[in-house]
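One structure is given below, encoded as structure tokens.
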Amino acid sequence: WSPDGRSLLYVILDQISGFNLWIYPFAGEAKPFRVSRRDFEQFSGSFSPDNRWIAYESSTSGTNEVYVQAFPDSGEVWRISLAGGQDLRWRDDGKEVFYIAPDGTLMAVEVAVVGDGKQIQPGKPETLFQTSLSAGRRVHGYAVARDGQRFLLPVALDKTSPPITI
């Protein structure tokens with residue numbers, strides 16, 4: 001769902017073009033439309049907290065990478081990850097995107113809105129820490145605190161740990 005609750009972002013698998021992100025608007029004509037006019041797959045999309053951007057994964061480069069584009073589409077797209085990325089999250093203020101690198105490392109990229117407010121300037125991806133999340137997961141494997149300073153993710157217990165009883 002978009003932060004304003006007016007749009008639903010979803011994926012359709014097309015036999016010819018593969019995975020494509022679509023938006024269903026709940027206002028106006030309520031006619032669904034593709035997120036991007038570009039001819040490459042997009043999946044695992046997420047609206048920015050201010051509803052002005054959509055981040056998503058695409059395999060157009062041959063590996064899954066994280067991209068950001070304006071919402072609605074302005075024609076420009078910015079690659080956020082440099083060596084593969086998936087399972088993205090926005091920081092609550094929209095100034096940072098987190099993702100999982102192919103080796104399971106949690107990465108962070110600052111995202112600055114520049115110029116006329118219709119462009120972004122992504123920073124350099126920064127390594128935060130290693131996780132136990134594996135490449136290829138399609139499930140949201142972690143959560144980010146609103147300030148982007150704490151993370152909730154699964155951690156394997158060693159065999160000497162006592163069982164958890166609830």
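Please note that chains go A, B, ... in the order of the structure tokens, that every chain numbers its residues from 1, and that ligands are numbered from 1 in the order shown.
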message = I'd like the contact shell of Ala55 in chain A - 12 Å cut-off, only C-alpha atoms, skipping same-chain residues fewer than 4 positions apart - returned as a ChimeraX atom specification.
response = /A:9,21,35-36,42-49,51,65-71,73,77-81,85-91,94,96-99,111,120
Separation of CA of Leu157 in chain A from CA of Val144 in chain A, in Å and rounded to one decimal = 21.2 Å
key: Shell of 8 Å around Thr60 in chain A, only C-alpha atoms, local chain residues under 4 positions omitted, as a list of chain:residue names   =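 Counting only C-alpha atoms, the residues come to A:Phe40, A:Glu41, A:Asn64.
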request  = Would you please work out which residue, of A:Ser161, A:Gln149, A:Gln119, A:Ser2, is nearest to Asp50 in chain A when using only C-alpha atoms?
outcome  =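 Selected residue with least distance to Asp50 in chain A: A:Ser2.
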ask   = What is the distance, in Å and to one decimal place, between CA of Thr131 in chain A and CA of Thr105 in chain A?
value =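 These two atoms are separated by 5.6 Å.
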ask   = Quick one, how far is CA of Trp22 in chain A from CA of Leu8 in chain A?
value =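 Going from CA of Trp22 in chain A over to CA of Leu8 in chain A, I get 8.2 Å.
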Which of range 35-91 of chain A DSSP labels strand (DSSP E or B), written as a PyMOL selection string = chain A and resi 43-47+53-58+65-70+77-79+86-90
Nearest to Leu153 in chain A by atom-to-atom distance, counting only C-alpha atoms, from A:Ser132, A:Ser74, A:Gln15, A:Ser58 =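 So, comparing all the options, the nearest one is A:Ser132.
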